[in-house]
Number of protein chains: 4
Amino acid sequence: MRALRKTAPGPGFEMVDVPVPEIGPDEVLIEVRATSICGTDVHIYQWNPWAAAHVATPITVGHELTGIVVDRGANVAEPEVGQLVSVESHIIDNTCNWCRTGHGHLCPATQILGVHRDGAYAEYVAVPAQNAWPDPPDMALSIASLQENFGNAVHTASVVQMGGKKVLVTGAGPVGVMAMMTAKALGARAVYVTDISDYRLDLATKVGADLVVNAATTDVEEAILEETAGEGVDILLEMSGAPTAIDSAFHLLKPGGEAALLGLTSGPIEFDFDDNVIFKGATVYGVVGRRLWQTWFEMRGLIRSGSVDLAPIVTHRFALDDYDEAFALMESGRCGKVVMFPDPAYADGPLS
Amino acid sequence: MRALRKTAPGPGFEMVDVPVPEIGPDEVLIEVRATSICGTDVHIYQWNPWAAAHVATPITVGHELTGIVVDRGANVAEPEVGQLVSVESHIIDNTCNWCRTGHGHLCPATQILGVHRDGAYAEYVAVPAQNAWPDPPDMALSIASLQENFGNAVHTASVVQMGGKKVLVTGAGPVGVMAMMTAKALGARAVYVTDISDYRLDLATKVGADLVVNAATTDVEEAILEETAGEGVDILLEMSGAPTAIDSAFHLLKPGGEAALLGLTSGPIEFDFDDNVIFKGATVYGVVGRRLWQTWFEMRGLIRSGSVDLAPIVTHRFALDDYDEAFALMESGRCGKVVMFPDPAYADGPLS
Amino acid sequence: MRALRKTAPGPGFEMVDVPVPEIGPDEVLIEVRATSICGTDVHIYQWNPWAAAHVATPITVGHELTGIVVDRGANVAEPEVGQLVSVESHIIDNTCNWCRTGHGHLCPATQILGVHRDGAYAEYVAVPAQNAWPDPPDMALSIASLQENFGNAVHTASVVQMGGKKVLVTGAGPVGVMAMMTAKALGARAVYVTDISDYRLDLATKVGADLVVNAATTDVEEAILEETAGEGVDILLEMSGAPTAIDSAFHLLKPGGEAALLGLTSGPIEFDFDDNVIFKGATVYGVVGRRLWQTWFEMRGLIRSGSVDLAPIVTHRFALDDYDEAFALMESGRCGKVVMFPDPAYADGPLS
Amino acid sequence: MRALRKTAPGPGFEMVDVPVPEIGPDEVLIEVRATSICGTDVHIYQWNPWAAAHVATPITVGHELTGIVVDRGANVAEPEVGQLVSVESHIIDNTCNWCRTGHGHLCPATQILGVHRDGAYAEYVAVPAQNAWPDPPDMALSIASLQENFGNAVHTASVVQMGGKKVLVTGAGPVGVMAMMTAKALGARAVYVTDISDYRLDLATKVGADLVVNAATTDVEEAILEETAGEGVDILLEMSGAPTAIDSAFHLLKPGGEAALLGLTSGPIEFDFDDNVIFKGATVYGVVGRRLWQTWFEMRGLIRSGSVDLAPIVTHRFALDDYDEAFALMESGRCGKVVMFPDPAYADGPLS
């Protein structure tokens, strides 16, 4: 089969022929129909310091996908061959203290698809059966693929109670915009979004942000305080990892406010716990991955009810063969979610 | 001033002239602009056993209202004269263990407007300043008035996390319908509503119920199980107080489900805790009044964001003088929320 | 091997020779060192209506045990052969919605050892590896055995925050007494215990109850109100299943109180939700089994810290061969926890 | 009356004669029986940058106290004259969004006794009636006085569930030691305490710490990892404000761990949110003051049950006139809680 691989340390990917993966007794083999690009994949493409430190080559990249189950191991009862599935990219051990108490997303033995083992940018991928989440057969493939990433947004927005609250989302990448949509779907009174890309802020506006602020050109604190009659916000969803965004966001948090942090800062930052957290009696939640499998059930509900419509988030589609174009677009920042199709015949919209 | 009063034990009300209430140092005097009818008021009108046991005559009835502050006591800093306010009907002592720990809605010394002291069916009413909730000057008066009742719905729907959940609401009176709307606004995947009145179920459908079931003509358990692929529901909001509704609703609750109970049964019922609660690991929340004042802040957010549009809930408007017509309509059950206006010039829609 | 079995419907057990159980690939074989008697076992012994409806004969009875792992299936990594283990009696499927979200104790496919498959009153028992909880090699065998039952108590006492609260425990059987001890260990201000057996109330007193009340001879409500200066209690742990105990206990619950229900009523009871739950804004938790595996971690902590000393709970020890004596004692109610030993050489105290 | 005052900016205090405070209609006048020293008072004594920025002179210092109500304003119903009371030092407005929703400890209008208005180091002090917490008449005065500070410890230890958990307390000043004791009383499996003062660590050991580590001489991470078999801790109670203590403490926090921060860092610090909070899925609670009045009820329960015995925390007693000695001792760090008595006849133990 063809697979997009990092064959050796260094920038770029290579499309190569490799054997179809063999599956273990608890695994399924999936024919990949669509695979979406995560920011992490861009880091691996660029081979930034994080990638150099964490990714062992050679490896097939990619961890967001949907496809059809075409084979399964001896122990697998569900899902059945022929089933459309999306994939949870975190493979957990089911035996540690965390997995045994409903906190599998914190399993210290977690293996991530496309980072620690061969991933989704290929014609076929093997995953444990429990990581294959059944989708309705008529689900749009691009949305089915990006559910894994939507799960980050849902996890982040679900650690707090949103009803009637004013919410600030810092960072308008796809996961930030999806977090904003989730906050609205869960009853937030208003959601404000900051970023430094007008393209992304325009996307946020298009899908329902109550206010967007370009931090490169506007004083964020002033703008949000004006919008909130000087009160600030009840909830912060931090998706940028940018120290200045974090700093001003915590200034805007009301006493008793809650902050859910998903964005990575890639190193220590200066932070004033006294004023930002202690005197405010604030609560700060670290968020990683998806609650396994609580978040997937929540996602299912939000999508099937129509509370969140992810279609506008998918802005570009490419044949997997055109990966260099797709990654160049990702690097430009002038896109929402970008989806690639190993077989372009399955593209659920016009290719770019 | 004119006031609609229960002058002596027995059915009916009487419109009489009484002095304008005097206010204490911590109170405000409100010129009533609109006052909506609660089911409790119907019980007082009919003089049912509950009313006979709890209401001391003579008394001015009514506890849902909006109006303008026209005078205030010496200690009152807020709200100002001229302010449009809605009223929290539960007057609490601020000094008991419950009031001191954010649970004022459970204050054992609670006095209810129109039940324990003179209420809102009058040209003027006196209430403690802290019970007068400021509204925007352009808020529709019928909606401003019914907020107190909306608060019951919001309190009930807010004791659980709704995101992605399947919800059953038993009872489609105004508070049941508003609870259904709130559940949707807070991200419920689907909300099913039962009642025995087609009029009320039609109203529920009109404002967004995913399924309505008339329990008088349809097997509720069968209908809901069919709708949920045999799974039942995650959450029950019980607003009917009807033992058969409660029984079938708990049968439909999934293991780990949560039930919030607001409807009163007016006496003991037969209940199987083993199957309905214990083996299911279910949680049951008793709900009374509004969380003071948490619920009012939540309501404000839900209304101002547009997440809940209460306008369709108000189905009829009357001059206060036409109270006998209004109560006859309430008794018929062929209505949503019914609002009365001491001065019909302030009616925010055509009178019936 | 020898096994104590219900060979056919009807009262009593029979000690018979049966083959040592075969183990599946995910199972371990345990040589039973100690096995304690649960009230459920008494029901099976007596063959009450519940047992007749739920237990399929022939079956080896018993579900509380400790022993040594002597063999394990091909897939088993933990525990190792030679390890002392206690056993979680609920065998869950790991694949349902509940198991996948940290609520395995609500798995609809649960199989209970000694009820649905061969249990612990035998020289050997086979259980899934994940149900075998490793114990320190020097743990007292009688305590290791009863941990499964202690887990009911810990689960019940842990659904609320105990710090500084006044607690009522209705029912002073072993699980009630252990719940009382757990409540104290978690910071309860005072714990009051009711029962109709002076033997059991004496045991409760011995291990730290602040007040015990014999409901057969004393007015419980009066006694508790006097003890609490008329206030009642913050928390109810219901372990009796007795309708009169439930009724008076809810009367004693303060507004805003919380009730955790573990005791089964074996059928519907009369219950006044208005006064007991709704007007009080009370919360009621149904409790079944142990949170898998959260409760086991909590138990480990409470035991190892010395916060709860279970030694006094074990009042009698028997050779398994003397089961008729042991069950007669259980039926008398004049005992705490009764432990049986297939090989009396392992008894960790004098036999009765 | 005599009062210990900061009469002008700069180090030191002055004992001066001033009029007995006048009380407002909602206030009580308290004859001070005992007043304990807080670290904040030392900062005011030394006139550090925080004090210079926040304290307006002239002012009577001190905010931890107990005494007898000797007069009360016209609106005061409770407490009565003659009642022994302790005092909550945070005076809140009862009208803001926070006060109205059970979060009065976050009231933006908070005035602190001895910082913003005349405090407790005097023969008499005036406080709002709601800030006067009734104590049993036979309560030890030194313990009654330090309850306000104990409340910081209880608030911090109560934001998490302690049952069966391993806990690290960084900082063994009085509030750290009391937090350790509270954690044990609430069921913690083990509590480890770090500091750089052997005197304080000895005190922690004396009142029940499972392990103490002197961070000046021992590698804290190594010591705690050894004690916890390499696992680290479930819960962190941060009472030191020391950046190195915070850093190593977060390294020791397990995935899914919870950290409650009370210690102030007096400025921004370097902090790695990725590794310390996000990847761990940790939760961080900022803690300020006491939950009003929830914490006081919890304290009452913990003290009256005997779960926490504060007597050993009080290491020194002084006549108020000997304040310079008392503050010199505080500065040495060779003490637990230091209590001063305006009238030494009321000292509940030998004076130093």
# chains A, B, ... in the order shown; residues from 1 in each chain; ligands from 1
call {"tool": "select_by_dssp", "arguments": {"residues": "segment 174-322 of chain C", "states": "alpha helix (DSSP H)", "output": "PyMOL selection string"}}
result
chain C and resi 174-185+198-206+220-227+243-252+273+294-304
call {"tool": "write_last_selection", "arguments": {"atoms": "C-alpha atoms", "output": "tab-separated table (two decimals), in the first residue's frame"}}
result
chain	number	residue	atom	x	y	z
C	174	PRO	CA	-21.29	-5.22	59.11
C	175	VAL	CA	-21.62	-2.93	56.12
C	176	GLY	CA	-23.46	-0.32	58.19
C	177	VAL	CA	-20.81	-0.43	60.88
C	178	MET	CA	-18.05	-0.20	58.29
C	179	ALA	CA	-19.84	2.77	56.69
C	180	MET	CA	-19.93	4.42	60.08
C	181	MET	CA	-16.20	3.84	60.51
C	182	THR	CA	-15.55	5.20	57.04
C	183	ALA	CA	-17.63	8.30	57.70
C	184	LYS	CA	-15.58	8.98	60.80
C	185	ALA	CA	-12.34	8.38	58.92
C	198	ASP	CA	-28.40	-4.60	70.58
C	199	TYR	CA	-25.57	-6.93	69.62
C	200	ARG	CA	-24.92	-4.98	66.48
C	201	LEU	CA	-25.38	-1.60	68.12
C	202	ASP	CA	-22.87	-2.64	70.76
C	203	LEU	CA	-20.42	-3.44	68.00
C	204	ALA	CA	-21.06	0.00	66.48
C	205	THR	CA	-20.38	1.62	69.82
C	206	LYS	CA	-17.22	-0.39	70.27
C	220	VAL	CA	-35.38	7.33	66.70
C	221	GLU	CA	-36.49	10.77	65.58
C	222	GLU	CA	-36.76	12.04	69.10
C	223	ALA	CA	-33.39	10.63	70.08
C	224	ILE	CA	-31.53	12.06	67.11
C	225	LEU	CA	-33.24	15.44	67.34
C	226	GLU	CA	-32.27	15.64	70.97
C	227	GLU	CA	-28.67	14.73	70.18
C	243	PRO	CA	-39.28	1.24	55.30
C	244	THR	CA	-39.78	2.64	58.80
C	245	ALA	CA	-36.08	3.35	59.14
C	246	ILE	CA	-36.08	5.08	55.77
C	247	ASP	CA	-39.10	7.14	56.67
C	248	SER	CA	-37.78	8.45	59.96
C	249	ALA	CA	-34.30	8.94	58.54
C	250	PHE	CA	-35.57	11.25	55.81
C	251	HIS	CA	-37.58	13.19	58.39
C	252	LEU	CA	-34.29	13.76	60.19
C	273	PHE	CA	-41.03	12.92	47.90
C	294	GLN	CA	-12.04	3.73	42.20
C	295	THR	CA	-13.45	2.28	45.40
C	296	TRP	CA	-10.66	-0.31	45.65
C	297	PHE	CA	-8.03	2.41	45.53
C	298	GLU	CA	-9.88	4.35	48.21
C	299	MET	CA	-10.15	1.22	50.37
C	300	ARG	CA	-6.46	0.57	50.03
C	301	GLY	CA	-5.72	4.08	51.25
C	302	LEU	CA	-8.10	3.92	54.20
C	303	ILE	CA	-6.76	0.56	55.34
C	304	ARG	CA	-3.07	1.24	54.86
call {"tool": "interface_residues", "arguments": {"of": "chain A", "to": "chain C", "cutoff": "6 Å", "atoms": "only C-alpha atoms", "output": "ChimeraX atom specification"}}
result
/A:100-102,293-294
call {"tool": "write_last_selection", "arguments": {"atoms": "all heavy atoms", "output": "PDB file, in the first residue's frame"}}
result
ATOM      1  N   ARG A 100      -8.105   2.202  34.910  1.00  0.00           N
ATOM      2  CA  ARG A 100      -9.053   1.445  35.729  1.00  0.00           C
ATOM      3  C   ARG A 100     -10.035   2.332  36.486  1.00  0.00           C
ATOM      4  O   ARG A 100     -10.914   1.834  37.186  1.00  0.00           O
ATOM      5  CB  ARG A 100      -8.304   0.552  36.727  1.00  0.00           C
ATOM      6  CG  ARG A 100      -7.469  -0.516  36.041  1.00  0.00           C
ATOM      7  CD  ARG A 100      -6.969  -1.543  37.023  1.00  0.00           C
ATOM      8  NE  ARG A 100      -7.979  -2.568  37.225  1.00  0.00           N
ATOM      9  CZ  ARG A 100      -7.789  -3.670  37.956  1.00  0.00           C
ATOM     10  NH1 ARG A 100      -6.650  -3.866  38.556  1.00  0.00           N
ATOM     11  NH2 ARG A 100      -8.742  -4.559  38.103  1.00  0.00           N
ATOM     12  N   THR A 101      -9.849   3.643  36.407  1.00  0.00           N
ATOM     13  CA  THR A 101     -10.746   4.525  37.167  1.00  0.00           C
ATOM     14  C   THR A 101     -11.375   5.597  36.279  1.00  0.00           C
ATOM     15  O   THR A 101     -11.725   6.672  36.763  1.00  0.00           O
ATOM     16  CB  THR A 101      -9.981   5.206  38.321  1.00  0.00           C
ATOM     17  OG1 THR A 101      -8.827   5.876  37.761  1.00  0.00           O
ATOM     18  CG2 THR A 101      -9.529   4.217  39.356  1.00  0.00           C
ATOM     19  N   GLY A 102     -11.523   5.290  34.986  1.00  0.00           N
ATOM     20  CA  GLY A 102     -12.195   6.241  34.113  1.00  0.00           C
ATOM     21  C   GLY A 102     -11.339   7.414  33.682  1.00  0.00           C
ATOM     22  O   GLY A 102     -11.854   8.415  33.209  1.00  0.00           O
ATOM     23  N   TRP A 293     -14.024   7.079  27.579  1.00  0.00           N
ATOM     24  CA  TRP A 293     -14.558   7.454  26.280  1.00  0.00           C
ATOM     25  C   TRP A 293     -15.682   8.460  26.426  1.00  0.00           C
ATOM     26  O   TRP A 293     -16.484   8.657  25.508  1.00  0.00           O
ATOM     27  CB  TRP A 293     -15.002   6.205  25.519  1.00  0.00           C
ATOM     28  CG  TRP A 293     -13.857   5.262  25.409  1.00  0.00           C
ATOM     29  CD1 TRP A 293     -13.462   4.349  26.343  1.00  0.00           C
ATOM     30  CD2 TRP A 293     -12.910   5.162  24.343  1.00  0.00           C
ATOM     31  NE1 TRP A 293     -12.336   3.681  25.919  1.00  0.00           N
ATOM     32  CE2 TRP A 293     -11.972   4.151  24.705  1.00  0.00           C
ATOM     33  CE3 TRP A 293     -12.743   5.810  23.123  1.00  0.00           C
ATOM     34  CZ2 TRP A 293     -10.905   3.791  23.889  1.00  0.00           C
ATOM     35  CZ3 TRP A 293     -11.694   5.447  22.329  1.00  0.00           C
ATOM     36  CH2 TRP A 293     -10.768   4.444  22.708  1.00  0.00           C
ATOM     37  N   GLN A 294     -15.746   9.073  27.607  1.00  0.00           N
ATOM     38  CA  GLN A 294     -16.810  10.019  27.887  1.00  0.00           C
ATOM     39  C   GLN A 294     -16.936  11.071  26.792  1.00  0.00           C
ATOM     40  O   GLN A 294     -18.031  11.374  26.322  1.00  0.00           O
ATOM     41  CB  GLN A 294     -16.514  10.684  29.240  1.00  0.00           C
ATOM     42  CG  GLN A 294     -17.573  11.638  29.718  1.00  0.00           C
ATOM     43  CD  GLN A 294     -18.908  10.975  29.875  1.00  0.00           C
ATOM     44  OE1 GLN A 294     -19.003   9.843  30.349  1.00  0.00           O
ATOM     45  NE2 GLN A 294     -19.966  11.643  29.427  1.00  0.00           N
TER      46      GLN A 294
END
call {"tool": "residues_around", "arguments": {"residues": "Asp275 of chain D", "least_positions_apart": "2", "cutoff": "12 Å", "atoms": "only C-alpha atoms", "output": "number ranges by chain"}}
result
A: 262-269, 286-288; D: 247-248, 250-255, 271-273, 277-282
call {"tool": "write_last_selection", "arguments": {"atoms": "C-alpha atoms", "output": "CSV table (one decimal), in the first residue's frame"}}
result
chain,number,residue,atom,x,y,z
A,262,LEU,CA,-5.3,23.0,26.2
A,263,GLY,CA,-2.7,25.1,24.3
A,264,LEU,CA,0.9,24.1,24.8
A,265,THR,CA,3.5,26.8,25.6
A,266,SER,CA,6.5,24.6,24.7
A,267,GLY,CA,8.4,25.6,27.8
A,268,PRO,CA,8.1,27.6,31.1
A,269,ILE,CA,6.4,31.0,31.0
A,286,GLY,CA,-5.2,21.1,32.4
A,287,VAL,CA,-6.8,19.3,29.4
A,288,VAL,CA,-5.2,16.6,27.4
D,247,ASP,CA,8.3,23.6,41.0
D,248,SER,CA,9.3,20.4,42.7
D,250,PHE,CA,4.2,20.0,40.7
D,251,HIS,CA,6.8,17.5,39.4
D,252,LEU,CA,5.6,15.2,42.2
D,253,LEU,CA,2.0,15.5,41.3
D,254,LYS,CA,0.5,12.4,39.6
D,255,PRO,CA,-1.5,12.6,36.4
D,271,PHE,CA,6.1,27.9,35.5
D,272,ASP,CA,5.8,25.1,33.0
D,273,PHE,CA,2.1,24.6,32.4
D,277,VAL,CA,-0.7,20.9,34.4
D,278,ILE,CA,-1.8,20.2,30.9
D,279,PHE,CA,-0.1,16.8,30.1
D,280,LYS,CA,-1.0,15.7,33.6
D,281,GLY,CA,-4.6,16.8,33.3
D,282,ALA,CA,-4.1,18.4,36.7
call {"tool": "closest_residue", "arguments": {"among": "D:His63, D:Arg2, D:Arg189, D:Lys165", "to": "Pro342 of chain D", "atoms": "only C-alpha atoms"}}
result
D:Arg2
call {"tool": "atom_distance", "arguments": {"atom1": "atom CA of Cys38 of chain A", "atom2": "atom CA of Met330 of chain A"}}
result
9.0 Å
call {"tool": "residues_around", "arguments": {"residues": "Ser36 of chain D", "least_positions_apart": "6", "cutoff": "8 Å", "atoms": "only C-alpha atoms", "output": "list in words"}}
result
Gly62, His63, Glu64, Leu65, Ser142, Ser145, Leu146, Lys337, Val338, Val339 and Met340 of chain D
call {"tool": "atom_distance", "arguments": {"atom1": "atom CA of Val76 of chain D", "atom2": "atom CA of Gly24 of chain D"}}
result
9.8 Å
call {"tool": "atom_distance", "arguments": {"atom1": "atom CA of Ala215 of chain B", "atom2": "atom CA of Thr283 of chain B"}}
result
24.5 Å
call {"tool": "residues_around", "arguments": {"residues": "Asp322 of chain A", "least_positions_apart": "3", "cutoff": "12 Å", "atoms": "only C-alpha atoms", "output": "PyMOL selection string"}}
result
chain A and resi 4+13-15+121+317-319+325-329+338-344+351-352
call {"tool": "residues_around", "arguments": {"residues": "segment 109-114 of chain A", "least_positions_apart": "6", "cutoff": "6 Å", "atoms": "only C-alpha atoms", "output": "list in words"}}
result
Thr60, Val61, Gly62, His63, Ser89, His90, Ile91 and Ile92 of chain A
call {"tool": "residues_around", "arguments": {"residues": "Lys6 of chain C", "least_positions_apart": "6", "cutoff": "12 Å", "atoms": "only C-alpha atoms", "output": "list in words"}}
result
Gly12, Phe13, Glu14, Met15, Val16, Asp41, Val42, His43, Ile44, Tyr45, Gln46, Trp47, Ala51, Ala52, Val55, Ala56, Thr57, Pro58, Ile59, Thr60, Val61, Gly62, Gly114, Val115, Arg117, Asp118, Gly119 and Tyr121 of chain C
